[in-house]
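Listing of upload28.cif, mmCIF, C-alpha atoms
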data_final
loop_
_atom_site.group_PDB
_atom_site.id
_atom_site.type_symbol
_atom_site.label_atom_id
_atom_site.label_comp_id
_atom_site.auth_asym_id
_atom_site.auth_seq_id
_atom_site.Cartn_x
_atom_site.Cartn_y
_atom_site.Cartn_z
ATOM 1 C CA MET B 30 -15.907 28.463 22.434
ATOM 2 C CA ARG B 31 -14.046 29.381 19.259
ATOM 3 C CA ARG B 32 -14.196 26.843 16.440
ATOM 4 C CA SER B 33 -10.422 26.502 16.296
ATOM 5 C CA VAL B 34 -10.262 25.586 19.989
ATOM 6 C CA ALA B 35 -13.219 23.218 19.575
ATOM 7 C CA ALA B 36 -11.518 21.588 16.575
ATOM 8 C CA VAL B 37 -8.289 20.966 18.473
ATOM 9 C CA GLY B 38 -10.139 19.660 21.533
ATOM 10 C CA SER B 39 -12.305 17.384 19.418
ATOM 11 C CA SER B 40 -9.278 16.054 17.531
ATOM 12 C CA VAL B 41 -7.454 15.197 20.743
ATOM 13 C CA PHE B 42 -10.546 13.544 22.201
ATOM 14 C CA PHE B 43 -11.107 11.612 18.941
ATOM 15 C CA PHE B 44 -7.856 9.744 19.481
ATOM 16 C CA LEU B 45 -8.229 9.362 23.248
ATOM 17 C CA GLY B 46 -11.923 8.353 23.427
ATOM 18 C CA PRO B 47 -12.923 6.453 20.292
ATOM 19 C CA GLY B 48 -9.291 5.529 19.678
ATOM 20 C CA THR B 49 -9.213 3.682 22.984
ATOM 21 C CA VAL B 50 -12.694 2.132 22.808
ATOM 22 C CA ALA B 51 -12.564 0.963 19.188
ATOM 23 C CA GLY B 52 -8.815 0.824 18.652
ATOM 24 C CA LEU B 53 -6.588 0.152 21.642
ATOM 25 C CA VAL B 54 -8.852 -2.193 23.628
ATOM 26 C CA PRO B 55 -9.802 -4.362 20.617
ATOM 27 C CA TRP B 56 -6.106 -4.593 19.757
ATOM 28 C CA LEU B 57 -5.253 -5.597 23.338
ATOM 29 C CA LEU B 58 -7.961 -8.266 23.196
ATOM 30 C CA THR B 59 -7.035 -9.689 19.769
ATOM 31 C CA ARG B 60 -3.653 -8.301 18.668
ATOM 32 C CA TRP B 61 -5.577 -7.991 15.355
ATOM 33 C CA HIS B 62 -5.221 -11.754 14.913
ATOM 34 C CA MET B 63 -7.618 -13.070 12.239
ATOM 35 C CA ARG B 64 -9.020 -16.463 13.119
ATOM 36 C CA GLU B 65 -9.437 -18.737 10.128
ATOM 37 C CA LEU B 66 -12.948 -20.080 9.739
ATOM 38 C CA PRO B 67 -14.302 -21.917 6.705
ATOM 39 C CA LEU B 68 -16.567 -19.849 4.435
ATOM 40 C CA TRP B 69 -16.026 -16.725 6.565
ATOM 41 C CA ALA B 70 -15.000 -14.410 3.691
ATOM 42 C CA PRO B 71 -18.442 -12.752 3.317
ATOM 43 C CA MET B 72 -18.451 -11.981 7.047
ATOM 44 C CA ARG B 73 -15.005 -10.380 6.732
ATOM 45 C CA LEU B 74 -16.283 -8.169 3.909
ATOM 46 C CA LEU B 75 -19.318 -7.174 5.949
ATOM 47 C CA GLY B 76 -17.083 -6.425 8.927
ATOM 48 C CA ALA B 77 -14.783 -4.230 6.830
ATOM 49 C CA ALA B 78 -17.787 -2.347 5.417
ATOM 50 C CA MET B 79 -19.159 -1.814 8.939
ATOM 51 C CA ILE B 80 -15.820 -0.421 10.133
ATOM 52 C CA ALA B 81 -15.565 1.939 7.148
ATOM 53 C CA ALA B 82 -19.147 3.182 7.587
ATOM 54 C CA ALA B 83 -18.615 3.657 11.326
ATOM 55 C CA LEU B 84 -15.489 5.727 10.735
ATOM 56 C CA VAL B 85 -17.372 8.030 8.348
ATOM 57 C CA VAL B 86 -20.172 8.524 10.887
ATOM 58 C CA ILE B 87 -17.787 9.156 13.788
ATOM 59 C CA ILE B 88 -15.844 11.773 11.838
ATOM 60 C CA GLN B 89 -19.060 13.496 10.713
ATOM 61 C CA ALA B 90 -20.419 13.486 14.265
ATOM 62 C CA PHE B 91 -17.221 14.986 15.670
ATOM 63 C CA MET B 92 -17.235 17.670 12.974
ATOM 64 C CA ARG B 93 -20.852 18.571 13.863
ATOM 65 C CA PHE B 94 -19.822 19.335 17.433
ATOM 66 C CA VAL B 95 -17.292 21.857 16.144
ATOM 67 C CA VAL B 96 -19.241 23.393 13.239
ATOM 68 C CA GLU B 97 -22.760 23.395 14.647
ATOM 69 C CA GLY B 98 -22.271 23.244 18.405
ATOM 70 C CA PHE B 99 -19.116 25.330 18.858
ATOM 71 C CA GLY B 100 -17.836 22.735 21.315
ATOM 72 C CA THR B 101 -16.464 19.244 21.712
ATOM 73 C CA PRO B 102 -17.898 15.829 22.637
ATOM 74 C CA VAL B 103 -16.064 16.120 25.974
ATOM 75 C CA PRO B 104 -18.566 17.004 28.736
ATOM 76 C CA ALA B 105 -16.121 19.533 30.226
ATOM 77 C CA ALA B 106 -16.075 21.438 26.903
ATOM 78 C CA ALA B 107 -19.624 20.749 25.756
ATOM 79 C CA PRO B 108 -21.170 22.582 22.812
ATOM 80 C CA ASP B 109 -22.920 25.923 23.274
ATOM 81 C CA ARG B 110 -25.763 24.814 20.989
ATOM 82 C CA LEU B 111 -27.766 21.617 20.739
ATOM 83 C CA VAL B 112 -26.308 19.579 17.881
ATOM 84 C CA VAL B 113 -29.140 18.192 15.727
ATOM 85 C CA GLY B 114 -27.804 18.367 12.151
ATOM 86 C CA GLY B 115 -26.170 15.814 9.885
ATOM 87 C CA VAL B 116 -26.122 12.304 11.316
ATOM 88 C CA TYR B 117 -27.837 13.647 14.456
ATOM 89 C CA ARG B 118 -31.028 13.958 12.367
ATOM 90 C CA HIS B 119 -31.140 10.156 12.215
ATOM 91 C CA VAL B 120 -30.051 9.072 15.700
ATOM 92 C CA ARG B 121 -29.350 10.940 18.950
ATOM 93 C CA ASN B 122 -26.175 9.002 19.742
ATOM 94 C CA PRO B 123 -24.403 8.524 16.402
ATOM 95 C CA MET B 124 -20.923 8.391 17.928
ATOM 96 C CA TYR B 125 -21.869 5.611 20.322
ATOM 97 C CA VAL B 126 -23.761 3.693 17.634
ATOM 98 C CA ALA B 127 -20.821 4.057 15.242
ATOM 99 C CA LEU B 128 -18.295 2.905 17.836
ATOM 100 C CA LEU B 129 -20.412 -0.163 18.562
ATOM 101 C CA THR B 130 -20.723 -0.797 14.820
ATOM 102 C CA ALA B 131 -16.933 -0.563 14.458
ATOM 103 C CA ILE B 132 -16.352 -3.066 17.258
ATOM 104 C CA LEU B 133 -18.935 -5.466 15.823
ATOM 105 C CA GLY B 134 -17.310 -5.008 12.413
ATOM 106 C CA GLN B 135 -13.948 -5.912 13.931
ATOM 107 C CA ALA B 136 -15.506 -9.017 15.483
ATOM 108 C CA LEU B 137 -16.667 -10.096 12.018
ATOM 109 C CA LEU B 138 -13.484 -9.087 10.206
ATOM 110 C CA LEU B 139 -11.238 -10.887 12.673
ATOM 111 C CA ALA B 140 -13.683 -13.696 13.575
ATOM 112 C CA GLN B 141 -13.028 -12.881 17.230
ATOM 113 C CA PRO B 142 -15.985 -13.586 19.591
ATOM 114 C CA VAL B 143 -14.236 -11.751 22.450
ATOM 115 C CA LEU B 144 -15.059 -8.524 20.610
ATOM 116 C CA LEU B 145 -18.765 -9.340 20.874
ATOM 117 C CA LEU B 146 -18.342 -9.364 24.651
ATOM 118 C CA TRP B 147 -16.425 -6.077 24.443
ATOM 119 C CA ALA B 148 -19.230 -4.560 22.346
ATOM 120 C CA LEU B 149 -21.772 -5.643 24.965
ATOM 121 C CA ALA B 150 -19.702 -4.097 27.772
ATOM 122 C CA VAL B 151 -19.286 -0.876 25.780
ATOM 123 C CA TRP B 152 -23.023 -0.700 25.013
ATOM 124 C CA LEU B 153 -23.866 -1.174 28.698
ATOM 125 C CA ALA B 154 -21.434 1.592 29.641
ATOM 126 C CA PHE B 155 -22.692 3.941 26.915
ATOM 127 C CA SER B 156 -26.368 3.353 27.645
ATOM 128 C CA THR B 157 -25.844 3.845 31.378
ATOM 129 C CA PHE B 158 -23.891 7.056 30.795
ATOM 130 C CA VAL B 159 -26.515 8.385 28.379
ATOM 131 C CA ARG B 160 -29.438 7.577 30.662
ATOM 132 C CA LEU B 161 -27.921 8.722 33.962
ATOM 133 C CA TYR B 162 -25.783 11.676 32.887
ATOM 134 C CA GLU B 163 -26.080 12.857 29.304
ATOM 135 C CA GLU B 164 -29.853 13.001 28.869
ATOM 136 C CA PRO B 165 -30.525 14.808 32.198
ATOM 137 C CA VAL B 166 -27.763 17.344 31.477
ATOM 138 C CA LEU B 167 -29.065 18.023 27.964
ATOM 139 C CA ALA B 168 -32.624 18.334 29.259
ATOM 140 C CA ARG B 169 -31.543 20.945 31.838
ATOM 141 C CA ARG B 170 -29.293 22.810 29.441
ATOM 142 C CA PHE B 171 -31.492 22.909 26.330
ATOM 143 C CA GLY B 172 -34.990 22.469 27.788
ATOM 144 C CA GLN B 173 -37.870 22.246 25.338
ATOM 145 C CA SER B 174 -35.659 22.069 22.241
ATOM 146 C CA TYR B 175 -34.013 18.896 23.588
ATOM 147 C CA ALA B 176 -37.385 17.460 24.633
ATOM 148 C CA THR B 177 -38.690 17.968 21.084
ATOM 149 C CA TYR B 178 -35.542 16.470 19.589
ATOM 150 C CA ARG B 179 -35.711 13.509 21.967
ATOM 151 C CA ARG B 180 -39.344 12.813 21.052
ATOM 152 C CA ASN B 181 -38.543 12.775 17.329
ATOM 153 C CA VAL B 182 -35.125 11.137 17.044
ATOM 154 C CA PRO B 183 -34.409 7.672 18.480
ATOM 155 C CA ALA B 184 -31.454 7.165 20.787
ATOM 156 C CA TRP B 185 -29.999 3.918 19.414
ATOM 157 C CA TRP B 186 -31.717 2.731 16.232
ATOM 158 C CA PRO B 187 -31.351 5.286 13.401
ATOM 159 C CA ARG B 188 -34.444 6.534 11.607
ATOM 160 C CA LEU B 189 -34.334 6.065 7.841
ATOM 161 C CA SER B 190 -35.490 9.577 6.963
ATOM 162 C CA PRO B 191 -33.828 12.557 8.597
ATOM 163 C CA TRP B 192 -35.772 14.510 11.190
ATOM 164 C CA ARG B 193 -36.574 18.014 9.938
ATOM 165 C CA GLY B 194 -37.041 19.799 13.256
#
Output the structure of this file as structure tokens.
Amino acid sequence: MRRSVAAVGSSVFFFLGPGTVAGLVPWLLTRWHMRELPLWAPMRLLGAAMIAAALVVIIQAFMRFVVEGFGTPVPAAAPDRLVVGGVYRHVRNPMYVALLTAILGQALLLAQPVLLLWALAVWLAFSTFVRLYEEPVLARRFGQSYATYRRNVPAWWPRLSPWRG
């Protein structure tokens, strides 16, 4: 796939996928209403920092699919090459981890416990999808290179030092 096509496809999916999971649904659940709790200001700051960090990671991960993989995060337009650079050197599922971090950050920023339940539902969906679809497809498509990557890079908890495969 040409990079320009991959870039457009990734941009569209960015707004449809992550935009729905970490934007539209949290808004529907909370209407961005901030609950007032005593002494909650430090939690709001932590939540805002988590959201900002998650956005940086999501954007970097999407860009990797275009630049390194010549594809998109959409399974129907998957990358031609295994993406293992950038944030993918720390964790195999940086987009999913970042989306969960954004939702948890929103829960702290807004003091909305319903977003904790949403984060749990999203994690269950992501982990099921990864285990039942994504990992088997990547193993078939990329063989030994994916097996090596999978052995060295954790799926959900980022390693502190980047993998140098």
What's the separation between CA of Thr49 (chain B) and CA of Ala70 (chain B), in Å to one decimal place?
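A separation of 27.1 Å between them.
With distances taken over all atoms listed in the file, B:Arg110 is the one residue among B:Arg73, B:Arg169, B:Arg110, B:Arg121 lying closest to Glu97 (chain B).
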Coordinates-based distance that separates CA of Arg32 (chain B) from CA of Ala105 (chain B) (Å, one decimal)
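One can read the CA of Ala105 (chain B) to CA of Arg32 (chain B) distance as 15.7 Å.
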Give as a PyMOL selection string the residues that the PyMOL selection byres ((chain B and resi 88-90) around 9) matches when applied to the coordinates above.
chain B and resi 43+83-87+91-94+115-117+123-124
Limited to C-alpha atoms, could you put the picked residues into a file as a tab-separated table (two decimals), in the coordinates of the input?
chain	number	residue	atom	x	y	z
B	43	PHE	CA	-11.11	11.61	18.94
B	83	ALA	CA	-18.61	3.66	11.33
B	84	LEU	CA	-15.49	5.73	10.74
B	85	VAL	CA	-17.37	8.03	8.35
B	86	VAL	CA	-20.17	8.52	10.89
B	87	ILE	CA	-17.79	9.16	13.79
B	91	PHE	CA	-17.22	14.99	15.67
B	92	MET	CA	-17.24	17.67	12.97
B	93	ARG	CA	-20.85	18.57	13.86
B	94	PHE	CA	-19.82	19.34	17.43
B	115	GLY	CA	-26.17	15.81	9.88
B	116	VAL	CA	-26.12	12.30	11.32
B	117	TYR	CA	-27.84	13.65	14.46
B	123	PRO	CA	-24.40	8.52	16.40
B	124	MET	CA	-20.92	8.39	17.93
Rounded to one decimal place, report the CA of Ala168 (chain B)-CA of Ser156 (chain B) distance in Å.
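So the two atoms, CA of Ala168 (chain B) and CA of Ser156 (chain B), lie 16.3 Å apart.
Omitting Leu128 (chain B) and its sequence neighbours fewer than 6 positions away, and counting all atoms listed in the file, the residues within 10 Å are Pro47, Gly48, Val50, Ala51, Gly52, Ile80, Ala83, Leu84, Val86, Ile87, Gly134, Ala148, Val151 and Trp152 of chain B.
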Could you save the residues just selected, with C-alpha atoms, as an mmCIF file, in the coordinates of the input?
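Contents of the output file result.cif:
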data_model
loop_
_atom_site.group_PDB
_atom_site.id
_atom_site.type_symbol
_atom_site.label_atom_id
_atom_site.label_comp_id
_atom_site.auth_asym_id
_atom_site.auth_seq_id
_atom_site.Cartn_x
_atom_site.Cartn_y
_atom_site.Cartn_z
ATOM 1 C CA PRO B 47 -12.923 6.453 20.292
ATOM 2 C CA GLY B 48 -9.291 5.529 19.678
ATOM 3 C CA VAL B 50 -12.694 2.132 22.808
ATOM 4 C CA ALA B 51 -12.564 0.963 19.188
ATOM 5 C CA GLY B 52 -8.815 0.824 18.652
ATOM 6 C CA ILE B 80 -15.820 -0.421 10.133
ATOM 7 C CA ALA B 83 -18.615 3.657 11.326
ATOM 8 C CA LEU B 84 -15.489 5.727 10.735
ATOM 9 C CA VAL B 86 -20.172 8.524 10.887
ATOM 10 C CA ILE B 87 -17.787 9.156 13.788
ATOM 11 C CA GLY B 134 -17.310 -5.008 12.413
ATOM 12 C CA ALA B 148 -19.230 -4.560 22.346
ATOM 13 C CA VAL B 151 -19.286 -0.876 25.780
ATOM 14 C CA TRP B 152 -23.023 -0.700 25.013
#
Test item: the PyMOL selection byres ((chain B and resi 188-191) around 8) resolved as a VMD selection string:
chain B and resid 118 to 120 182 to 183 186 to 187 192 to 193
All heavy atoms are needed for region 151-162 of chain B; please write them out as a compact mmCIF listing (two decimals), keeping the file's coordinate frame.
# COMPACT_ATOMS: atom_id res chain seq x y z
N VAL B 151 -19.30 -2.27 26.22
CA VAL B 151 -19.29 -0.88 25.78
C VAL B 151 -20.71 -0.35 25.69
O VAL B 151 -21.00 0.77 26.14
CB VAL B 151 -18.53 -0.74 24.43
CG1 VAL B 151 -18.76 0.62 23.80
CG2 VAL B 151 -17.05 -1.00 24.63
N TRP B 152 -21.63 -1.14 25.12
CA TRP B 152 -23.02 -0.70 25.01
C TRP B 152 -23.63 -0.47 26.39
O TRP B 152 -24.32 0.52 26.61
CB TRP B 152 -23.87 -1.70 24.23
CG TRP B 152 -25.28 -1.20 24.14
CD1 TRP B 152 -25.76 -0.24 23.29
CD2 TRP B 152 -26.38 -1.59 24.95
NE1 TRP B 152 -27.10 -0.01 23.54
CE2 TRP B 152 -27.50 -0.84 24.56
CE3 TRP B 152 -26.53 -2.51 25.99
CZ2 TRP B 152 -28.74 -0.98 25.15
CZ3 TRP B 152 -27.76 -2.65 26.57
CH2 TRP B 152 -28.85 -1.89 26.15
N LEU B 153 -23.35 -1.36 27.34
CA LEU B 153 -23.87 -1.17 28.70
C LEU B 153 -23.32 0.11 29.31
O LEU B 153 -24.05 0.87 29.96
CB LEU B 153 -23.53 -2.39 29.57
CG LEU B 153 -24.31 -3.66 29.26
CD1 LEU B 153 -23.75 -4.84 30.04
CD2 LEU B 153 -25.79 -3.47 29.56
N ALA B 154 -22.03 0.37 29.11
CA ALA B 154 -21.43 1.59 29.64
C ALA B 154 -22.03 2.83 28.97
O ALA B 154 -22.40 3.80 29.65
CB ALA B 154 -19.92 1.56 29.45
N PHE B 155 -22.13 2.80 27.65
CA PHE B 155 -22.69 3.94 26.92
C PHE B 155 -24.14 4.20 27.33
O PHE B 155 -24.53 5.33 27.59
CB PHE B 155 -22.64 3.71 25.40
CG PHE B 155 -21.29 3.85 24.78
CD1 PHE B 155 -21.07 3.40 23.49
CD2 PHE B 155 -20.23 4.43 25.44
CE1 PHE B 155 -19.84 3.53 22.87
CE2 PHE B 155 -18.98 4.57 24.84
CZ PHE B 155 -18.79 4.11 23.55
N SER B 156 -24.95 3.16 27.35
CA SER B 156 -26.37 3.35 27.64
C SER B 156 -26.57 3.84 29.08
O SER B 156 -27.44 4.67 29.33
CB SER B 156 -27.17 2.09 27.36
OG SER B 156 -26.73 1.02 28.17
N THR B 157 -25.76 3.36 30.00
CA THR B 157 -25.84 3.84 31.38
C THR B 157 -25.44 5.31 31.46
O THR B 157 -26.12 6.12 32.10
CB THR B 157 -24.95 2.98 32.29
OG1 THR B 157 -25.39 1.62 32.22
CG2 THR B 157 -25.01 3.47 33.73
N PHE B 158 -24.36 5.67 30.80
CA PHE B 158 -23.89 7.06 30.80
C PHE B 158 -24.93 7.98 30.18
O PHE B 158 -25.23 9.05 30.72
CB PHE B 158 -22.56 7.16 30.03
CG PHE B 158 -22.03 8.56 29.93
CD1 PHE B 158 -21.47 9.19 31.03
CD2 PHE B 158 -22.09 9.25 28.73
CE1 PHE B 158 -20.97 10.48 30.94
CE2 PHE B 158 -21.61 10.54 28.63
CZ PHE B 158 -21.04 11.15 29.74
N VAL B 159 -25.50 7.57 29.06
CA VAL B 159 -26.52 8.38 28.38
C VAL B 159 -27.72 8.59 29.28
O VAL B 159 -28.21 9.71 29.45
CB VAL B 159 -26.93 7.75 27.02
CG1 VAL B 159 -28.21 8.37 26.49
CG2 VAL B 159 -25.80 7.90 26.01
N ARG B 160 -28.22 7.51 29.85
CA ARG B 160 -29.44 7.58 30.66
C ARG B 160 -29.23 8.36 31.96
O ARG B 160 -30.06 9.18 32.33
CB ARG B 160 -29.92 6.16 30.97
CG ARG B 160 -31.13 6.08 31.86
CD ARG B 160 -32.38 6.59 31.23
NE ARG B 160 -32.87 5.60 30.30
CZ ARG B 160 -33.73 5.88 29.35
NH1 ARG B 160 -34.19 7.08 29.20
NH2 ARG B 160 -34.12 4.96 28.52
N LEU B 161 -28.11 8.13 32.64
CA LEU B 161 -27.92 8.72 33.96
C LEU B 161 -27.26 10.10 33.94
O LEU B 161 -27.44 10.87 34.88
CB LEU B 161 -27.11 7.78 34.85
CG LEU B 161 -27.73 6.42 35.14
CD1 LEU B 161 -26.83 5.60 36.02
CD2 LEU B 161 -29.11 6.57 35.74
N TYR B 162 -26.48 10.39 32.91
CA TYR B 162 -25.78 11.68 32.89
C TYR B 162 -26.18 12.55 31.70
O TYR B 162 -26.66 13.66 31.86
CB TYR B 162 -24.26 11.47 32.89
CG TYR B 162 -23.51 12.77 32.75
CD1 TYR B 162 -23.34 13.62 33.83
CD2 TYR B 162 -23.00 13.18 31.52
CE1 TYR B 162 -22.67 14.83 33.71
CE2 TYR B 162 -22.34 14.38 31.37
CZ TYR B 162 -22.18 15.20 32.47
OH TYR B 162 -21.54 16.40 32.33
